Amino acid sequence: MDERLDGNVLAGMLGELFDFDATTAKGRCRHCGDEAVLAEAHVIAHDGEFVARCRKCDAELLVAMEHHDDVVVSFRGLRGLGIHPAY
Amino acid sequence: MSWRLATVGAAMRLTDSARSIRLDVPGWPGNLAGQHLDLRLTAEDGYQAVRSYSIASAGPGESIELGVDRVPDGEVSPYLVDDVMTGDQLEVRGPLGGWFVWHEDDPSPVQLIGGGSGVVPLIAMARAHRAAGATSRFRMLVSARTPEDVLFAPELSALDATPGDRFALDVVYTRRGPEDWPFPIGRVDRAALERTTLPVSDSPAIFVCGPTGFVETVADHLVAIGHDPDRIKTERFGGA
Ligand SMILES: Cc1cc2nc3c(=O)[nH]c(=O)nc-3n(C[C@H](O)[C@H](O)[C@H](O)COP(=O)(O)OP(=O)(O)OC[C@H]3O[C@@H](n4cnc5c(N)ncnc54)[C@H](O)[C@@H]3O)c2cc1C
Ligand SMILES: [Zn+2]
């Protein structure tokens, strides 16, 4: 079953890759240019695979997978990911 | 970030379908109000299941509290609600998430809106607000099926009954209310939000949490009412 979630659920997986909280980083959608923190992305979870989609245009932003201690993330739909401390 | 071994310190029934679980987690660095953790169960054959759970407690210390509601036929939640016992061990990873978080130095009025187990991160915020002696105004709306389905009901009522206007609680019942309940029974709609939540003119920081459908409906109504979308933070738990 597909579970509809949001970017908050990615914090643990991304935390395995980065030593900061990537869900508060701002990403820019490659498709429509919308800028939002990753926590605000729409996420579809299916069998341990998480697809994050743009909240505005639904384009795919990233895919994250976790199996046991392996975590793989592809950021292909993001034009950038940045930290803005004031945000 | 890495998995830590947690030991169940206590488990206490909250409602017919929900339980509070206290975990002792050596090395836990403390957490902010609203953060969650990932919980991992490993079966004897090596199969693993990972789920996210919000943390009902906030602040320093290696003992934390979860509030878990049973999803019938779920893989993980029935085990946590019905089976897990004091002394059992499981793995957790966290604290996680820096976005759906209330910071005690934020002077804004705050509107919390939780459906079902969506109350869990919100009670962490209410507890942190009280513990900090913060003077900002907190208002909380809970959507629950019946009066017996409100997680942390006694504690929320006690906060609500505290003199002063720092914390106020409203409940919308979707199936059955208390006897002589004067308000409509049913899902949180625009009218219920206008009746029970802080007005746009207060420009509150708003936190909405619970089942995905609930969160999206409520967030849409809030924007329609006139709240700035940038002031609305949401956390979707999944499900209907
Ligand atoms: C960031 C975050 C924080 C969360 N915090 C909490 C919390 O504090 N307390 C809590 O009880 N839950 C919380 N959840 C939900 C939790 O992670 C699980 O999804 C839930 O416990 C169901 O897991 P399961 O293994 O029992 O069900 P599964 O085996 O995963 O699912 C079984 C069936 O139930 C449906 N389902 C899955 N999740 C839900 C849901 N949340 N509501 C209704 N139906 C669902 C599925 O679509 C599926 O059909 C949180 C989720 C997220 C993303
Ligand atoms: Zn987009």
# chains A, B, ... in the order shown; residues from 1 in each chain; ligands from 1
call {"tool": "closest_atom_pairs", "arguments": {"of": "chain A", "to": "ligand 1", "cutoff": "6 Å", "atoms": "only C-alpha atoms and all ligand atoms", "output": "Markdown table"}}
result
| residue | atom | partner | partner_atom_place_in_ligand_line | distance |
| --- | --- | --- | --- | --- |
| A:Met1 | CA | ligand 1 | 47 (O) | 5.9 |
| A:Glu3 | CA | ligand 1 | 47 (O) | 5.4 |
| A:Leu5 | CA | ligand 1 | 53 (C) | 5.9 |
| A:Asn8 | CA | ligand 1 | 1 (C) | 5.4 |
| A:Val9 | CA | ligand 1 | 1 (C) | 4.7 |
call {"tool": "residues_around", "arguments": {"residues": "A:Leu62", "least_positions_apart": "4", "cutoff": "8 Å", "atoms": "only C-alpha atoms", "output": "list in words"}}
result
Val51, Ala52, Arg53, Val73, Ser74, Phe75, Arg76, Gly77 and Leu78 of chain A
call {"tool": "select_by_dssp", "arguments": {"residues": "chain A", "states": "strand (DSSP E or B)", "output": "ChimeraX atom specification"}}
result
/A:3-6,26-29,35-37,42-46,49-53,60-67,70-74,78-82
call {"tool": "residues_near_ligand", "arguments": {"ligand": "ligand 2", "cutoff": "12 Å", "atoms": "only C-alpha atoms and all ligand atoms", "output": "PyMOL selection string"}}
result
chain A and resi 27-36+40-42+52-62+77-79
call {"tool": "residues_around", "arguments": {"residues": "stretch 145-162 of chain B", "least_positions_apart": "5", "cutoff": "6 Å", "atoms": "only C-alpha atoms", "output": "list in words"}}
result
Leu14, Thr15, Phe167, Ala168, Leu169, Tyr173, Thr174, Arg175, Arg176 and Gly177 of chain B
call {"tool": "residues_around", "arguments": {"residues": "stretch 72-75 of chain B", "least_positions_apart": "6", "cutoff": "12 Å", "atoms": "only C-alpha atoms", "output": "JSON, numbers by chain"}}
result
{"A": [1], "B": [17, 18, 40, 41, 42, 43, 47, 48, 49, 50, 51, 81, 82, 239]}
call {"tool": "closest_atom_pairs", "arguments": {"of": "chain B", "to": "chain A", "cutoff": "7 Å", "atoms": "only C-alpha atoms", "output": "CSV"}}
result
residue,atom,partner,partner_atom,distance
B:Met1,CA,A:Glu16,CA,5.4
B:Asp38,CA,A:Gly12,CA,6.5
B:Gln48,CA,A:His68,CA,7.0
B:Ser52,CA,A:Val9,CA,6.8
B:Arg93,CA,A:Gly12,CA,6.8
B:Gly94,CA,A:Gly12,CA,6.9
B:Leu96,CA,A:Ala11,CA,5.6
B:Gly97,CA,A:Ala11,CA,5.5
B:Gly98,CA,A:Thr24,CA,6.1
B:Trp99,CA,A:Thr24,CA,5.7
B:Thr212,CA,A:Leu5,CA,6.6
B:Glu235,CA,A:Asn8,CA,6.7
B:Arg236,CA,A:Leu5,CA,5.1
B:Phe237,CA,A:Leu5,CA,6.2
B:Gly238,CA,A:Leu5,CA,5.3
B:Gly239,CA,A:Glu3,CA,6.6
call {"tool": "residues_around", "arguments": {"residues": "B:Ala56", "least_positions_apart": "2", "cutoff": "8 Å", "atoms": "only C-alpha atoms", "output": "ChimeraX atom specification"}}
result
/B:33-34,54,58,64-67,120-124
call {"tool": "atom_distance", "arguments": {"atom1": "atom CA of B:Ser201", "atom2": "atom CA of B:Thr135"}}
result
18.7 Å
call {"tool": "residues_around", "arguments": {"residues": "B:Lys233", "least_positions_apart": "6", "cutoff": "8 Å", "atoms": "only C-alpha atoms", "output": "list in words"}}
result
Trp99, Phe100, Ala205, Ile206, Phe207 and Val208 of chain B
call {"tool": "write_last_selection", "arguments": {"atoms": "N, CA, C and O atoms", "output": "compact mmCIF listing (two decimals), in the first residue's frame"}}
result
# COMPACT_ATOMS: atom_id res chain seq x y z
N TRP B 99 11.85 20.93 11.85
CA TRP B 99 10.89 21.86 11.25
C TRP B 99 9.58 21.92 12.01
O TRP B 99 9.08 23.00 12.35
N PHE B 100 9.01 20.76 12.34
CA PHE B 100 7.74 20.71 13.08
C PHE B 100 8.05 20.79 14.57
O PHE B 100 7.85 19.85 15.34
N ALA B 205 1.30 31.16 15.07
CA ALA B 205 2.05 30.03 14.50
C ALA B 205 1.15 28.82 14.65
O ALA B 205 0.64 28.56 15.74
N ILE B 206 0.92 28.09 13.56
CA ILE B 206 -0.05 26.99 13.60
C ILE B 206 0.64 25.67 13.31
O ILE B 206 1.43 25.56 12.37
N PHE B 207 0.36 24.68 14.14
CA PHE B 207 0.90 23.32 13.95
C PHE B 207 -0.27 22.37 13.77
O PHE B 207 -1.12 22.26 14.65
N VAL B 208 -0.30 21.68 12.62
CA VAL B 208 -1.38 20.73 12.34
C VAL B 208 -0.78 19.35 12.15
O VAL B 208 0.16 19.16 11.37
call {"tool": "select_by_dssp", "arguments": {"residues": "chain B", "states": "alpha helix (DSSP H)", "output": "PyMOL selection string"}}
result
chain B and resi 77-78+119-131+153-161+190-196+212-225
call {"tool": "atom_distance", "arguments": {"atom1": "atom CA of B:Ser117", "atom2": "atom CA of B:Ala144"}}
result
9.2 Å
call {"tool": "atom_distance", "arguments": {"atom1": "atom CA of B:Leu90", "atom2": "atom CA of A:Val71"}}
result
19.9 Å
call {"tool": "closest_atom_pairs", "arguments": {"of": "stretch 81-139 of chain B", "to": "stretch 195-200 of chain B", "cutoff": "10 Å", "atoms": "only C-alpha atoms", "output": "JSON lines"}}
result
{"residue": "B:Pro109", "atom": "CA", "partner": "B:Leu198", "partner_atom": "CA", "distance": 8.3}
{"residue": "B:Val110", "atom": "CA", "partner": "B:Leu198", "partner_atom": "CA", "distance": 8.1}
{"residue": "B:Gln111", "atom": "CA", "partner": "B:Leu198", "partner_atom": "CA", "distance": 6.4}
{"residue": "B:Leu112", "atom": "CA", "partner": "B:Thr197", "partner_atom": "CA", "distance": 8.6}
{"residue": "B:Ile113", "atom": "CA", "partner": "B:Thr197", "partner_atom": "CA", "distance": 8.6}
{"residue": "B:Arg137", "atom": "CA", "partner": "B:Leu198", "partner_atom": "CA", "distance": 9.6}
{"residue": "B:Phe138", "atom": "CA", "partner": "B:Leu198", "partner_atom": "CA", "distance": 9.1}
{"residue": "B:Arg139", "atom": "CA", "partner": "B:Thr197", "partner_atom": "CA", "distance": 7.0}
call {"tool": "decode", "arguments": {"residues": "stretch 41-54 of chain A", "atoms": "all heavy atoms", "output": "compact mmCIF listing (two decimals), in the first residue's frame"}}
result
# COMPACT_ATOMS: atom_id res chain seq x y z
N ALA A 41 7.74 18.82 1.49
CA ALA A 41 7.50 18.03 0.27
C ALA A 41 6.44 16.97 0.56
O ALA A 41 6.29 16.52 1.70
CB ALA A 41 8.80 17.37 -0.18
N HIS A 42 5.72 16.58 -0.46
CA HIS A 42 4.79 15.46 -0.32
C HIS A 42 5.59 14.17 -0.52
O HIS A 42 6.42 14.10 -1.42
CB HIS A 42 3.68 15.55 -1.35
CG HIS A 42 2.77 16.73 -1.11
ND1 HIS A 42 1.78 17.10 -1.97
CD2 HIS A 42 2.74 17.62 -0.09
CE1 HIS A 42 1.15 18.16 -1.49
NE2 HIS A 42 1.72 18.50 -0.35
N VAL A 43 5.34 13.19 0.32
CA VAL A 43 6.11 11.95 0.22
C VAL A 43 5.16 10.76 0.10
O VAL A 43 4.18 10.66 0.83
CB VAL A 43 7.02 11.78 1.46
CG1 VAL A 43 7.62 10.38 1.49
CG2 VAL A 43 8.12 12.83 1.47
N ILE A 44 5.46 9.90 -0.85
CA ILE A 44 4.72 8.65 -0.97
C ILE A 44 5.66 7.53 -0.54
O ILE A 44 6.77 7.41 -1.08
CB ILE A 44 4.30 8.37 -2.45
CG1 ILE A 44 3.60 9.58 -3.06
CG2 ILE A 44 3.43 7.12 -2.53
CD1 ILE A 44 2.23 9.83 -2.54
N ALA A 45 5.23 6.75 0.44
CA ALA A 45 6.06 5.64 0.91
C ALA A 45 5.46 4.33 0.42
O ALA A 45 4.25 4.14 0.47
CB ALA A 45 6.11 5.65 2.44
N HIS A 46 6.33 3.48 -0.07
CA HIS A 46 5.87 2.18 -0.56
C HIS A 46 6.98 1.17 -0.32
O HIS A 46 8.06 1.29 -0.90
CB HIS A 46 5.52 2.26 -2.05
CG HIS A 46 5.05 0.96 -2.62
ND1 HIS A 46 3.73 0.60 -2.63
CD2 HIS A 46 5.74 -0.07 -3.15
CE1 HIS A 46 3.61 -0.59 -3.16
NE2 HIS A 46 4.81 -1.03 -3.49
N ASP A 47 6.73 0.21 0.56
CA ASP A 47 7.69 -0.87 0.78
C ASP A 47 9.12 -0.39 1.05
O ASP A 47 10.07 -0.89 0.44
CB ASP A 47 7.74 -1.76 -0.48
CG ASP A 47 6.94 -3.03 -0.25
OD1 ASP A 47 6.51 -3.25 0.90
OD2 ASP A 47 6.78 -3.80 -1.21
N GLY A 48 9.26 0.60 1.91
CA GLY A 48 10.61 1.06 2.24
C GLY A 48 11.21 2.01 1.23
O GLY A 48 12.35 2.44 1.38
N GLU A 49 10.44 2.37 0.18
CA GLU A 49 10.93 3.36 -0.78
C GLU A 49 10.11 4.64 -0.58
O GLU A 49 8.89 4.59 -0.53
CB GLU A 49 10.76 2.86 -2.21
CG GLU A 49 11.36 3.81 -3.22
CD GLU A 49 11.07 3.38 -4.66
OE1 GLU A 49 9.96 3.65 -5.14
OE2 GLU A 49 11.96 2.80 -5.28
N PHE A 50 10.81 5.77 -0.49
CA PHE A 50 10.15 7.04 -0.24
C PHE A 50 10.40 7.98 -1.40
O PHE A 50 11.55 8.32 -1.70
CB PHE A 50 10.68 7.67 1.06
CG PHE A 50 10.36 6.86 2.29
CD1 PHE A 50 11.08 5.70 2.57
CD2 PHE A 50 9.35 7.23 3.15
CE1 PHE A 50 10.78 4.93 3.69
CE2 PHE A 50 9.05 6.47 4.28
CZ PHE A 50 9.76 5.32 4.55
N VAL A 51 9.32 8.40 -2.06
CA VAL A 51 9.45 9.34 -3.18
C VAL A 51 8.91 10.69 -2.72
O VAL A 51 7.74 10.82 -2.35
CB VAL A 51 8.65 8.86 -4.41
CG1 VAL A 51 8.78 9.86 -5.55
CG2 VAL A 51 9.12 7.47 -4.83
N ALA A 52 9.79 11.71 -2.73
CA ALA A 52 9.37 13.05 -2.35
C ALA A 52 9.00 13.83 -3.60
O ALA A 52 9.74 13.82 -4.58
CB ALA A 52 10.49 13.76 -1.59
N ARG A 53 7.84 14.49 -3.55
CA ARG A 53 7.35 15.24 -4.70
C ARG A 53 7.15 16.70 -4.33
O ARG A 53 6.84 17.03 -3.18
CB ARG A 53 6.03 14.65 -5.20
CG ARG A 53 6.18 13.24 -5.72
CD ARG A 53 4.92 12.72 -6.38
NE ARG A 53 5.21 11.48 -7.08
CZ ARG A 53 5.71 11.42 -8.30
NH1 ARG A 53 5.94 12.54 -8.98
NH2 ARG A 53 5.97 10.26 -8.86
N CYS A 54 7.27 17.56 -5.32
CA CYS A 54 7.09 18.99 -5.14
C CYS A 54 5.66 19.28 -4.66
O CYS A 54 4.70 18.77 -5.23
CB CYS A 54 7.35 19.70 -6.46
SG CYS A 54 7.01 21.46 -6.41
